[in-house]
$ cat run31.tsv   # TSV, C-alpha atoms and all ligand atoms
chain	number	residue	atom	x	y	z
A	1	ASN	CA	12.45	-47.36	11.62
A	2	ARG	CA	11.03	-46.04	8.36
A	3	THR	CA	10.85	-49.36	6.55
A	4	THR	CA	8.40	-50.84	9.05
A	5	THR	CA	6.39	-47.66	9.55
A	6	GLU	CA	3.03	-47.84	7.81
A	7	LEU	CA	1.69	-44.46	8.89
A	8	GLU	CA	3.27	-41.31	10.18
A	9	LEU	CA	1.72	-38.00	11.19
A	10	VAL	CA	4.03	-35.12	12.08
A	11	ASN	CA	2.59	-32.05	13.84
A	12	VAL	CA	-0.63	-32.19	11.86
A	13	SER	CA	-3.40	-29.63	12.28
A	14	ALA	CA	-6.62	-29.31	10.31
A	15	SER	CA	-9.95	-27.47	10.23
A	16	TRP	CA	-13.20	-28.40	8.54
A	17	ASP	CA	-14.27	-24.83	7.94
A	18	GLU	CA	-11.39	-23.52	5.91
A	19	GLY	CA	-13.92	-22.42	3.28
A	20	ILE	CA	-14.98	-19.56	5.56
A	21	GLY	CA	-11.47	-18.12	5.59
A	22	GLU	CA	-11.40	-18.25	1.81
A	23	LEU	CA	-14.82	-16.63	1.64
A	24	PHE	CA	-13.74	-13.68	3.79
A	25	GLU	CA	-10.53	-13.38	1.83
A	26	LYS	CA	-12.62	-13.16	-1.34
A	27	ILE	CA	-14.86	-10.45	0.18
A	28	LYS	CA	-11.75	-8.54	1.24
A	29	GLN	CA	-10.32	-8.69	-2.28
A	30	GLU	CA	-13.67	-7.66	-3.79
A	31	ASN	CA	-13.94	-4.70	-1.41
A	32	LYS	CA	-10.45	-3.68	-2.35
A	33	ALA	CA	-11.18	-3.98	-6.06
A	34	ASN	CA	-14.37	-1.92	-5.70
A	35	GLY	CA	-12.66	0.71	-3.61
A	36	GLN	CA	-14.85	-0.18	-0.63
A	37	PRO	CA	-13.48	0.05	2.90
A	38	ASN	CA	-12.54	-3.37	4.21
A	39	CYS	CA	-14.73	-4.88	6.84
A	40	ASP	CA	-12.63	-5.56	9.92
A	41	ALA	CA	-15.32	-7.90	11.12
A	42	SER	CA	-14.05	-10.46	8.60
A	43	LEU	CA	-10.93	-10.99	10.67
A	44	PHE	CA	-13.05	-11.46	13.77
A	45	PHE	CA	-15.30	-14.01	12.06
A	46	THR	CA	-12.36	-15.79	10.49
A	47	ASN	CA	-10.84	-16.31	13.90
A	48	LEU	CA	-14.19	-17.26	15.36
A	49	TYR	CA	-15.02	-19.91	12.79
A	50	ILE	CA	-11.68	-21.39	11.92
A	51	THR	CA	-11.22	-23.51	14.98
A	52	PRO	CA	-8.93	-26.40	14.24
A	53	VAL	CA	-10.58	-29.79	14.62
A	54	LEU	CA	-7.16	-31.40	15.09
A	55	LYS	CA	-4.21	-29.62	16.63
A	56	ASN	CA	-0.59	-30.59	16.34
A	57	ILE	CA	-1.09	-34.35	16.22
A	58	SER	CA	1.95	-36.60	15.83
A	59	LEU	CA	1.98	-40.36	15.71
A	60	TYR	CA	3.51	-43.30	13.90
A	61	LEU	CA	2.22	-46.78	13.42
A	62	GLU	CA	4.36	-49.75	12.50
A	63	LYS	CA	3.26	-52.52	10.16
A	64	GLY	CA	0.92	-55.00	11.82
A	65	LYS	CA	0.23	-52.82	14.86
A	66	MET	CA	-3.04	-51.58	16.29
A	67	LEU	CA	-3.71	-47.97	17.22
A	68	ALA	CA	-6.78	-47.19	19.30
A	69	VAL	CA	-8.13	-43.67	18.90
A	70	ALA	CA	-10.20	-42.67	21.89
A	71	GLY	CA	-11.88	-39.53	23.20
A	72	SER	CA	-15.32	-38.16	23.91
A	73	THR	CA	-17.82	-37.22	21.23
A	74	GLY	CA	-16.65	-34.42	18.95
A	75	SER	CA	-13.04	-34.77	20.03
A	76	GLY	CA	-11.92	-35.34	16.42
A	77	LYS	CA	-11.63	-39.13	16.11
A	78	SER	CA	-13.53	-39.41	12.80
A	79	SER	CA	-11.81	-36.29	11.53
A	80	LEU	CA	-8.45	-37.96	12.11
A	81	LEU	CA	-9.50	-40.89	9.92
A	82	MET	CA	-10.80	-38.47	7.29
A	83	MET	CA	-7.43	-36.79	7.29
A	84	ILE	CA	-5.61	-40.08	6.77
A	85	LEU	CA	-8.06	-40.86	3.94
A	86	GLY	CA	-7.23	-37.53	2.33
A	87	GLU	CA	-10.75	-36.13	2.76
A	88	LEU	CA	-9.61	-33.50	5.24
A	89	VAL	CA	-6.49	-31.69	4.12
A	90	PRO	CA	-4.11	-30.67	6.89
A	91	SER	CA	-3.43	-26.96	7.26
A	92	GLU	CA	-0.07	-27.78	8.83
A	93	GLY	CA	2.17	-30.79	9.25
A	94	LYS	CA	2.85	-33.91	7.25
A	95	ILE	CA	1.07	-37.24	6.71
A	96	ARG	CA	2.81	-40.23	5.22
A	97	HIS	CA	1.41	-43.68	4.57
A	98	SER	CA	2.42	-46.31	2.13
A	99	GLY	CA	-0.60	-47.45	0.25
A	100	ARG	CA	-4.02	-48.95	0.08
A	101	ILE	CA	-6.51	-48.05	2.76
A	102	SER	CA	-9.66	-49.90	3.73
A	103	PHE	CA	-12.13	-47.73	5.59
A	104	SER	CA	-15.15	-48.75	7.61
A	105	PRO	CA	-17.31	-45.67	8.27
A	106	GLN	CA	-19.48	-45.24	11.35
A	107	THR	CA	-22.57	-45.78	9.21
A	108	PRO	CA	-21.77	-48.10	6.31
A	109	TRP	CA	-23.46	-47.33	3.04
A	110	ILE	CA	-25.64	-50.18	1.79
A	111	MET	CA	-26.64	-50.33	-1.85
A	112	PRO	CA	-29.46	-52.51	-3.24
A	113	GLY	CA	-28.25	-56.04	-3.92
A	114	THR	CA	-27.55	-59.20	-1.98
A	115	ILE	CA	-25.86	-59.30	1.40
A	116	ARG	CA	-22.91	-61.01	-0.22
A	117	ASP	CA	-22.60	-58.20	-2.79
A	118	ALA	CA	-22.68	-55.68	0.03
A	119	ILE	CA	-19.70	-57.39	1.67
A	120	LEU	CA	-17.70	-58.05	-1.49
A	121	PHE	CA	-18.35	-54.47	-2.62
A	122	GLY	CA	-17.15	-55.17	-6.14
A	123	LEU	CA	-14.30	-57.53	-5.23
A	124	THR	CA	-14.21	-61.14	-6.41
A	125	TYR	CA	-15.55	-63.88	-4.17
A	126	ASP	CA	-12.91	-65.93	-2.39
A	127	GLU	CA	-14.63	-68.60	-0.35
A	128	TYR	CA	-11.98	-69.05	2.32
A	129	ARG	CA	-11.46	-65.35	2.83
A	130	TYR	CA	-15.19	-64.63	2.80
A	131	THR	CA	-16.03	-67.40	5.28
A	132	SER	CA	-13.34	-66.38	7.74
A	133	VAL	CA	-14.51	-62.77	7.60
A	134	ILE	CA	-18.20	-63.51	8.13
A	135	LYS	CA	-17.34	-65.91	10.97
A	136	ALA	CA	-15.16	-63.33	12.69
A	137	CYS	CA	-17.89	-60.72	12.30
A	138	GLN	CA	-20.52	-63.18	13.60
A	139	LEU	CA	-22.64	-62.82	10.50
A	140	GLU	CA	-23.03	-66.56	9.98
A	141	GLU	CA	-25.74	-66.76	12.63
A	142	ASP	CA	-27.65	-63.94	10.98
A	143	PHE	CA	-27.41	-65.53	7.53
A	144	ALA	CA	-28.63	-68.87	8.86
A	145	LEU	CA	-31.94	-67.26	9.85
A	146	LEU	CA	-32.58	-65.89	6.36
A	147	PRO	CA	-34.31	-68.09	3.73
A	148	GLU	CA	-31.79	-67.18	1.08
A	149	LYS	CA	-28.84	-66.81	3.46
A	150	ASP	CA	-26.31	-64.28	2.19
A	151	LYS	CA	-28.06	-64.21	-1.19
A	152	THR	CA	-30.94	-62.37	0.44
A	153	LEU	CA	-31.66	-59.00	-1.11
A	154	LEU	CA	-31.06	-55.87	0.90
A	155	VAL	CA	-33.11	-52.69	0.69
A	156	GLU	CA	-35.87	-52.20	-1.93
A	157	GLY	CA	-38.03	-55.23	-1.29
A	158	GLY	CA	-35.38	-57.19	0.58
A	159	VAL	CA	-34.60	-57.33	4.28
A	160	THR	CA	-33.67	-54.30	6.29
A	161	LEU	CA	-30.74	-54.71	8.61
A	162	SER	CA	-30.70	-53.88	12.28
A	163	GLY	CA	-28.16	-51.32	13.45
A	164	GLY	CA	-25.91	-54.06	14.77
A	165	GLN	CA	-26.15	-56.10	11.55
A	166	ARG	CA	-25.33	-53.04	9.51
A	167	ALA	CA	-22.31	-52.32	11.70
A	168	ARG	CA	-21.02	-55.90	11.38
A	169	LEU	CA	-21.62	-55.88	7.63
A	170	GLY	CA	-19.63	-52.66	7.35
A	171	LEU	CA	-16.81	-54.19	9.34
A	172	ALA	CA	-16.88	-57.38	7.23
A	173	ARG	CA	-16.69	-55.33	4.04
A	174	ALA	CA	-13.69	-53.36	5.30
A	175	VAL	CA	-11.89	-56.50	6.51
A	176	TYR	CA	-12.58	-58.48	3.33
A	177	LYS	CA	-10.73	-55.88	1.31
A	178	ASP	CA	-6.99	-56.39	1.10
A	179	ALA	CA	-5.22	-53.23	2.24
A	180	ASP	CA	-2.09	-51.91	3.91
A	181	LEU	CA	-3.96	-49.86	6.45
A	182	TYR	CA	-7.41	-50.43	7.95
A	183	LEU	CA	-9.41	-47.57	9.42
A	184	LEU	CA	-12.31	-48.78	11.54
A	185	ASP	CA	-14.54	-45.97	12.79
A	186	ALA	CA	-16.45	-47.12	15.85
A	187	PRO	CA	-17.13	-50.59	14.42
A	188	PHE	CA	-19.00	-51.79	17.51
A	189	THR	CA	-21.82	-49.26	17.49
A	190	HIS	CA	-25.20	-50.88	18.22
A	191	LEU	CA	-23.61	-54.13	19.42
A	192	ASP	CA	-24.27	-55.56	22.85
A	193	ILE	CA	-21.32	-55.92	25.20
A	194	VAL	CA	-20.86	-59.66	24.64
A	195	THR	CA	-20.93	-59.40	20.83
A	196	GLU	CA	-18.63	-56.42	20.92
A	197	LYS	CA	-16.13	-58.31	23.05
A	198	GLU	CA	-16.24	-61.37	20.79
A	199	ILE	CA	-15.89	-59.43	17.56
A	200	PHE	CA	-13.08	-57.34	18.98
A	201	GLU	CA	-11.24	-60.55	19.89
A	202	LYS	CA	-12.03	-62.69	16.84
A	203	CYS	CA	-11.92	-60.05	14.15
A	204	VAL	CA	-9.87	-57.04	15.23
A	205	CYS	CA	-7.30	-58.95	17.32
A	206	LYS	CA	-7.10	-62.43	15.74
A	207	LEU	CA	-8.17	-62.27	12.08
A	208	MET	CA	-6.49	-58.89	11.66
A	209	ALA	CA	-3.46	-59.76	13.79
A	210	SER	CA	-0.96	-59.02	11.03
A	211	LYS	CA	-2.78	-55.94	9.73
A	212	THR	CA	-1.98	-52.32	10.47
A	213	ARG	CA	-5.16	-51.04	12.10
A	214	ILE	CA	-6.65	-47.91	13.54
A	215	VAL	CA	-9.74	-48.54	15.62
A	216	VAL	CA	-11.88	-45.73	16.95
A	217	THR	CA	-12.96	-46.98	20.35
A	218	SER	CA	-13.06	-45.69	23.87
A	219	LYS	CA	-13.51	-49.07	25.60
A	220	LEU	CA	-10.94	-49.67	28.30
A	221	GLU	CA	-10.54	-53.35	27.28
A	222	HIS	CA	-9.73	-52.29	23.73
A	223	LEU	CA	-7.20	-49.70	24.82
A	224	LYS	CA	-5.44	-52.36	26.89
A	225	ARG	CA	-5.03	-54.56	23.81
A	226	ALA	CA	-3.91	-51.83	21.42
A	227	ASP	CA	-0.21	-51.35	20.70
A	228	LYS	CA	-0.62	-47.58	20.80
A	229	ILE	CA	-3.32	-45.26	22.08
A	230	LEU	CA	-4.17	-41.75	20.93
A	231	LEU	CA	-6.50	-40.00	23.33
A	232	LEU	CA	-8.01	-36.86	21.83
A	233	HIS	CA	-9.62	-34.02	23.71
A	234	ASN	CA	-11.15	-31.13	21.73
A	235	GLY	CA	-8.80	-31.92	18.86
A	236	ASP	CA	-5.72	-31.89	21.07
A	237	CYS	CA	-3.54	-34.88	21.75
A	238	TYR	CA	-4.27	-35.48	25.42
A	239	PHE	CA	-2.16	-38.62	25.38
A	240	TYR	CA	-0.24	-40.73	22.89
A	241	GLY	CA	1.57	-43.91	23.90
A	242	THR	CA	1.03	-47.36	25.35
A	243	PHE	CA	-1.59	-48.36	27.93
A	244	SER	CA	0.90	-48.57	30.79
A	245	GLU	CA	2.23	-45.12	29.91
A	246	LEU	CA	-1.36	-43.89	29.85
A	247	GLN	CA	-1.99	-45.16	33.37
A	248	ALA	CA	1.26	-43.62	34.60
A	249	GLN	CA	1.04	-40.27	32.83
A	250	ARG	CA	-2.69	-39.65	32.84
A	251	PRO	CA	-4.16	-41.45	35.86
A	252	ASP	CA	-7.39	-39.48	35.41
A	253	PHE	CA	-7.82	-40.48	31.74
A	254	SER	CA	-11.06	-42.45	32.12
A	255	SER	CA	-13.08	-39.25	32.55
A	256	LEU	CA	-12.29	-38.46	28.89
A	257	LEU	CA	-13.59	-41.80	27.64
A	258	LEU	CA	-17.19	-41.13	28.62
A	259	GLY	CA	-19.73	-39.76	26.19
B	1	LIG	N1	-16.93	-31.74	11.86
B	1	LIG	C1	-17.26	-30.90	10.81
B	1	LIG	N2	-17.46	-31.41	9.55
B	1	LIG	C2	-17.32	-32.74	9.32
B	1	LIG	C3	-17.00	-33.60	10.38
B	1	LIG	C4	-16.80	-33.07	11.65
B	1	LIG	O1	-17.38	-29.70	11.01
B	1	LIG	N3	-17.52	-33.20	8.09
B	1	LIG	C5	-16.71	-31.19	13.21
B	1	LIG	C6	-17.74	-31.59	14.22
B	1	LIG	C7	-16.97	-31.64	15.50
B	1	LIG	C8	-15.54	-31.88	15.09
B	1	LIG	O2	-15.47	-31.69	13.69
B	1	LIG	O3	-17.01	-30.39	16.16
B	1	LIG	C9	-15.04	-33.28	15.44
B	1	LIG	O4	-15.93	-34.23	14.92
B	1	LIG	P1	-15.56	-35.76	14.77
B	1	LIG	O5	-16.70	-36.44	14.09
B	1	LIG	O6	-14.22	-35.89	14.20
B	1	LIG	O7	-15.50	-36.21	16.29
B	1	LIG	P2	-15.56	-37.67	16.91
B	1	LIG	O8	-15.41	-38.68	15.84
B	1	LIG	O9	-14.56	-37.69	18.00
B	1	LIG	O10	-17.02	-37.72	17.51
B	1	LIG	P3	-18.02	-38.98	17.67
B	1	LIG	O11	-17.43	-39.86	18.72
B	1	LIG	O12	-19.29	-38.35	18.11
B	1	LIG	O13	-18.11	-39.64	16.32
$ encode --input "run31.tsv" --output "structure tokens"
Amino acid sequence: NRTTTELELVNVSASWDEGIGELFEKIKQENKANGQPNCDASLFFTNLYITPVLKNISLYLEKGKMLAVAGSTGSGKSSLLMMILGELVPSEGKIRHSGRISFSPQTPWIMPGTIRDAILFGLTYDEYRYTSVIKACQLEEDFALLPEKDKTLLVEGGVTLSGGQRARLGLARAVYKDADLYLLDAPFTHLDIVTEKEIFEKCVCKLMASKTRIVVTSKLEHLKRADKILLLHNGDCYFYGTFSELQAQRPDFSSLLLG
């Protein structure tokens, strides 16, 4: 049903190194213009370097649903988000989504300013919204320990955040923003298992219950809770569907979740 579909990818492929193909094409044209023999090696190198990072990926996500994108390191999970963001242009296929995206990168960028500024990221302060977000991201406890709470300065003479604090701040920033589609790239990096579980429940499942979400995660518990799962392997779609379909169709899937 198109009216409730928030995101659709149809047979999408993409490569990061398209520039190399263009470069060789340019050399070829220059050789031709200068009357030089063409270097056949260019074809060889073009084929060698242009390896698609995503191959023939199709999926659709309805409004308010959660898609978990799983797969081992380098399988193309972040690249998929980049493609949805428009940073990586597909070489083939079609992408359709209906609007505003909020993106939480693997390593959130922190500019000098207060913690609160870092979360609001230019948006206006709404107390109710802000409080529910920082509660769901378990930042309240961290703020309580700081003399100036969330008015504490970050970077340049202020406090430095731990990896886990930075990750939760990045998540809070992405969730605070009102959007049609949320892209959360490995939001639980550097968190211990208990915190990860709580934030997944409170923030990703409860607070974001009505939001259309893509979460990069390979945790079994998260895959169980997602409405749809995309399991990538070397840029290929190894599996796409629900958790029960995953168990039935790919009983050996857990080997791809490691690393
Ligand atoms: N790649 C690239 N240029 C970029 C980003 C990625 O050439 N700007 C390459 C590196 C990998 C491949 O794309 O070979 C897939 O990388 P991803 O970051 O998309 O892979 P994952 O997100 O799955 O890996 P990880 O879990 O380690 O983040």
$ atom_distance --input "run31.tsv" --atom1 "CA of Glu198 (chain A)" --atom2 "CA of Leu246 (chain A)"
24.7 Å
$ closest_residue --input "run31.tsv" --among "A:Ser98, A:Thr152, A:Asn234, A:Ser132" --to "Ser79 (chain A)" --atoms "only C-alpha atoms"
A:Asn234
$ residues_near_ligand --input "run31.tsv" --ligand "ligand LIG 1 (chain B)" --cutoff "9 Å" --atoms "only C-alpha atoms and all ligand atoms" --output "MDAnalysis selection string"
chainID A and resid 15:17 52:54 69:82 88 106 185:186 216:218 232:235 259
$ residues_around --input "run31.tsv" --residues "Val12 (chain A)" --least-positions-apart "4" --cutoff "6 Å" --atoms "only C-alpha atoms" --output "PDB file with C-alpha atoms, keeping the file's coordinate frame"
ATOM      1  CA  ASN A  56      -0.590 -30.590  16.340  1.00  0.00           C
ATOM      2  CA  ILE A  57      -1.090 -34.350  16.220  1.00  0.00           C
ATOM      3  CA  GLU A  92      -0.070 -27.780   8.830  1.00  0.00           C
ATOM      4  CA  GLY A  93       2.170 -30.790   9.250  1.00  0.00           C
TER       5      GLY A  93
END
$ closest_residue --input "run31.tsv" --among "A:Ile119, A:Leu161, A:Ala179, A:Ala174" --to "Val204 (chain A)" --atoms "only C-alpha atoms"
A:Ala174
$ atom_distance --input "run31.tsv" --atom1 "CA of Leu7 (chain A)" --atom2 "CA of Leu120 (chain A)"
25.9 Å
$ residues_around --input "run31.tsv" --residues "Phe239 (chain A)" --least-positions-apart "3" --cutoff "9 Å" --atoms "all atoms listed in the file" --output "list in words"
Ile229, Leu230, Leu231, Leu232, His233, Asp236, Leu246, Gln249, Arg250 and Phe253 of chain A
$ residues_around --input "run31.tsv" --residues "Cys137 (chain A)" --least-positions-apart "6" --cutoff "8 Å" --atoms "only C-alpha atoms" --output "tab-separated table (two decimals) with C-alpha atoms, keeping the file's coordinate frame"
chain	number	residue	atom	x	y	z
A	168	ARG	CA	-21.02	-55.90	11.38
A	169	LEU	CA	-21.62	-55.88	7.63
A	171	LEU	CA	-16.81	-54.19	9.34
A	172	ALA	CA	-16.88	-57.38	7.23
A	199	ILE	CA	-15.89	-59.43	17.56
A	202	LYS	CA	-12.03	-62.69	16.84
A	203	CYS	CA	-11.92	-60.05	14.15
$ atom_distance --input "run31.tsv" --atom1 "CA of Tyr238 (chain A)" --atom2 "CA of Leu59 (chain A)"
12.5 Å
$ axis_aligned_box --input "run31.tsv" --around "region 78-84 of chain A" --padding-each-side "6 Å" --output "JSON"
{"center_x": -9.6, "center_y": -38.6, "center_z": 9.8, "size_x": 19.9, "size_y": 16.6, "size_z": 18.0}
$ closest_residue --input "run31.tsv" --among "A:Thr212, A:Thr160, A:Thr189, A:Ser255" --to "Lys63 (chain A)" --atoms "all atoms listed in the file"
A:Thr212
$ residues_around --input "run31.tsv" --residues "Lys177 (chain A)" --least-positions-apart "3" --cutoff "10 Å" --atoms "all atoms listed in the file" --output "ChimeraX atom specification"
/A:100-103,119-124,129-130,172-174,180,182
$ residues_near_point --input "run31.tsv" --point "(1.1, -39.2, 0.6)" --cutoff "10 Å" --atoms "only C-alpha atoms" --output "list of chain:residue names"
A:Leu7, A:Ile84, A:Leu85, A:Gly86, A:Lys94, A:Ile95, A:Arg96, A:His97, A:Ser98, A:Gly99
$ residues_around --input "run31.tsv" --residues "Lys224 (chain A)" --least-positions-apart "4" --cutoff "12 Å" --atoms "all atoms listed in the file" --output "MDAnalysis selection string"
chainID A and resid 66:68 70 205 217:220 228:229 241:247
$ closest_residue --input "run31.tsv" --among "A:Leu207, A:Ala226, A:Ala33, A:Val10" --to "Ala136 (chain A)" --atoms "all atoms listed in the file"
A:Leu207
$ build_atoms --input "run31.tsv" --residues "region 221-249 of chain A" --atoms "N, CA and C atoms" --output "PDB file, keeping the file's coordinate frame"
ATOM      1  N   GLU A 221     -11.075 -52.036  27.665  1.00  0.00           N
ATOM      2  CA  GLU A 221     -10.540 -53.350  27.280  1.00  0.00           C
ATOM      3  C   GLU A 221      -9.818 -53.271  25.933  1.00  0.00           C
ATOM      4  N   HIS A 222     -10.336 -52.437  25.055  1.00  0.00           N
ATOM      5  CA  HIS A 222      -9.730 -52.290  23.730  1.00  0.00           C
ATOM      6  C   HIS A 222      -8.424 -51.521  23.824  1.00  0.00           C
ATOM      7  N   LEU A 223      -8.417 -50.500  24.663  1.00  0.00           N
ATOM      8  CA  LEU A 223      -7.200 -49.700  24.820  1.00  0.00           C
ATOM      9  C   LEU A 223      -6.072 -50.563  25.382  1.00  0.00           C
ATOM     10  N   LYS A 224      -6.433 -51.462  26.284  1.00  0.00           N
ATOM     11  CA  LYS A 224      -5.440 -52.360  26.890  1.00  0.00           C
ATOM     12  C   LYS A 224      -4.774 -53.241  25.843  1.00  0.00           C
ATOM     13  N   ARG A 225      -5.549 -53.641  24.826  1.00  0.00           N
ATOM     14  CA  ARG A 225      -5.030 -54.560  23.810  1.00  0.00           C
ATOM     15  C   ARG A 225      -4.311 -53.870  22.657  1.00  0.00           C
ATOM     16  N   ALA A 226      -4.520 -52.563  22.534  1.00  0.00           N
ATOM     17  CA  ALA A 226      -3.910 -51.830  21.420  1.00  0.00           C
ATOM     18  C   ALA A 226      -2.414 -51.644  21.664  1.00  0.00           C
ATOM     19  N   ASP A 227      -1.646 -51.578  20.561  1.00  0.00           N
ATOM     20  CA  ASP A 227      -0.210 -51.350  20.700  1.00  0.00           C
ATOM     21  C   ASP A 227       0.067 -49.899  21.066  1.00  0.00           C
ATOM     22  N   LYS A 228      -0.754 -49.010  20.527  1.00  0.00           N
ATOM     23  CA  LYS A 228      -0.620 -47.580  20.800  1.00  0.00           C
ATOM     24  C   LYS A 228      -2.013 -47.005  21.009  1.00  0.00           C
ATOM     25  N   ILE A 229      -2.043 -45.933  21.812  1.00  0.00           N
ATOM     26  CA  ILE A 229      -3.320 -45.260  22.080  1.00  0.00           C
ATOM     27  C   ILE A 229      -3.135 -43.771  21.784  1.00  0.00           C
ATOM     28  N   LEU A 230      -4.123 -43.209  21.093  1.00  0.00           N
ATOM     29  CA  LEU A 230      -4.170 -41.750  20.930  1.00  0.00           C
ATOM     30  C   LEU A 230      -5.466 -41.312  21.597  1.00  0.00           C
ATOM     31  N   LEU A 231      -5.322 -40.486  22.629  1.00  0.00           N
ATOM     32  CA  LEU A 231      -6.500 -40.000  23.330  1.00  0.00           C
ATOM     33  C   LEU A 231      -6.673 -38.523  22.983  1.00  0.00           C
ATOM     34  N   LEU A 232      -7.758 -38.236  22.283  1.00  0.00           N
ATOM     35  CA  LEU A 232      -8.010 -36.860  21.830  1.00  0.00           C
ATOM     36  C   LEU A 232      -8.947 -36.150  22.785  1.00  0.00           C
ATOM     37  N   HIS A 233      -8.724 -34.841  22.909  1.00  0.00           N
ATOM     38  CA  HIS A 233      -9.620 -34.020  23.710  1.00  0.00           C
ATOM     39  C   HIS A 233      -9.747 -32.669  23.009  1.00  0.00           C
ATOM     40  N   ASN A 234     -10.924 -32.367  22.495  1.00  0.00           N
ATOM     41  CA  ASN A 234     -11.150 -31.130  21.730  1.00  0.00           C
ATOM     42  C   ASN A 234     -10.107 -30.945  20.625  1.00  0.00           C
ATOM     43  N   GLY A 235      -9.755 -32.001  19.960  1.00  0.00           N
ATOM     44  CA  GLY A 235      -8.800 -31.920  18.860  1.00  0.00           C
ATOM     45  C   GLY A 235      -7.340 -31.909  19.272  1.00  0.00           C
ATOM     46  N   ASP A 236      -7.103 -31.831  20.573  1.00  0.00           N
ATOM     47  CA  ASP A 236      -5.720 -31.890  21.070  1.00  0.00           C
ATOM     48  C   ASP A 236      -5.336 -33.318  21.382  1.00  0.00           C
ATOM     49  N   CYS A 237      -4.037 -33.589  21.293  1.00  0.00           N
ATOM     50  CA  CYS A 237      -3.540 -34.880  21.750  1.00  0.00           C
ATOM     51  C   CYS A 237      -3.399 -34.818  23.253  1.00  0.00           C
ATOM     52  N   TYR A 238      -4.316 -35.466  23.952  1.00  0.00           N
ATOM     53  CA  TYR A 238      -4.270 -35.480  25.420  1.00  0.00           C
ATOM     54  C   TYR A 238      -3.243 -36.505  25.868  1.00  0.00           C
ATOM     55  N   PHE A 239      -3.161 -37.582  25.092  1.00  0.00           N
ATOM     56  CA  PHE A 239      -2.160 -38.620  25.380  1.00  0.00           C
ATOM     57  C   PHE A 239      -1.867 -39.410  24.115  1.00  0.00           C
ATOM     58  N   TYR A 240      -0.618 -39.803  23.961  1.00  0.00           N
ATOM     59  CA  TYR A 240      -0.240 -40.730  22.890  1.00  0.00           C
ATOM     60  C   TYR A 240       0.835 -41.670  23.438  1.00  0.00           C
ATOM     61  N   GLY A 241       0.587 -42.948  23.396  1.00  0.00           N
ATOM     62  CA  GLY A 241       1.570 -43.910  23.900  1.00  0.00           C
ATOM     63  C   GLY A 241       0.924 -45.245  24.199  1.00  0.00           C
ATOM     64  N   THR A 242       1.557 -46.030  25.027  1.00  0.00           N
ATOM     65  CA  THR A 242       1.030 -47.360  25.350  1.00  0.00           C
ATOM     66  C   THR A 242       0.077 -47.271  26.552  1.00  0.00           C
ATOM     67  N   PHE A 243      -0.619 -48.368  26.821  1.00  0.00           N
ATOM     68  CA  PHE A 243      -1.590 -48.360  27.930  1.00  0.00           C
ATOM     69  C   PHE A 243      -0.915 -48.131  29.284  1.00  0.00           C
ATOM     70  N   SER A 244       0.240 -48.761  29.492  1.00  0.00           N
ATOM     71  CA  SER A 244       0.900 -48.570  30.790  1.00  0.00           C
ATOM     72  C   SER A 244       1.397 -47.132  30.950  1.00  0.00           C
ATOM     73  N   GLU A 245       1.837 -46.540  29.848  1.00  0.00           N
ATOM     74  CA  GLU A 245       2.230 -45.120  29.910  1.00  0.00           C
ATOM     75  C   GLU A 245       1.014 -44.234  30.195  1.00  0.00           C
ATOM     76  N   LEU A 246      -0.120 -44.637  29.616  1.00  0.00           N
ATOM     77  CA  LEU A 246      -1.360 -43.890  29.850  1.00  0.00           C
ATOM     78  C   LEU A 246      -1.722 -43.881  31.329  1.00  0.00           C
ATOM     79  N   GLN A 247      -1.666 -45.062  31.942  1.00  0.00           N
ATOM     80  CA  GLN A 247      -1.990 -45.160  33.370  1.00  0.00           C
ATOM     81  C   GLN A 247      -1.034 -44.334  34.217  1.00  0.00           C
ATOM     82  N   ALA A 248       0.248 -44.337  33.817  1.00  0.00           N
ATOM     83  CA  ALA A 248       1.260 -43.620  34.600  1.00  0.00           C
ATOM     84  C   ALA A 248       1.171 -42.109  34.401  1.00  0.00           C
ATOM     85  N   GLN A 249       0.979 -41.709  33.128  1.00  0.00           N
ATOM     86  CA  GLN A 249       1.040 -40.270  32.830  1.00  0.00           C
ATOM     87  C   GLN A 249      -0.286 -39.554  32.991  1.00  0.00           C
TER      88      GLN A 249
END
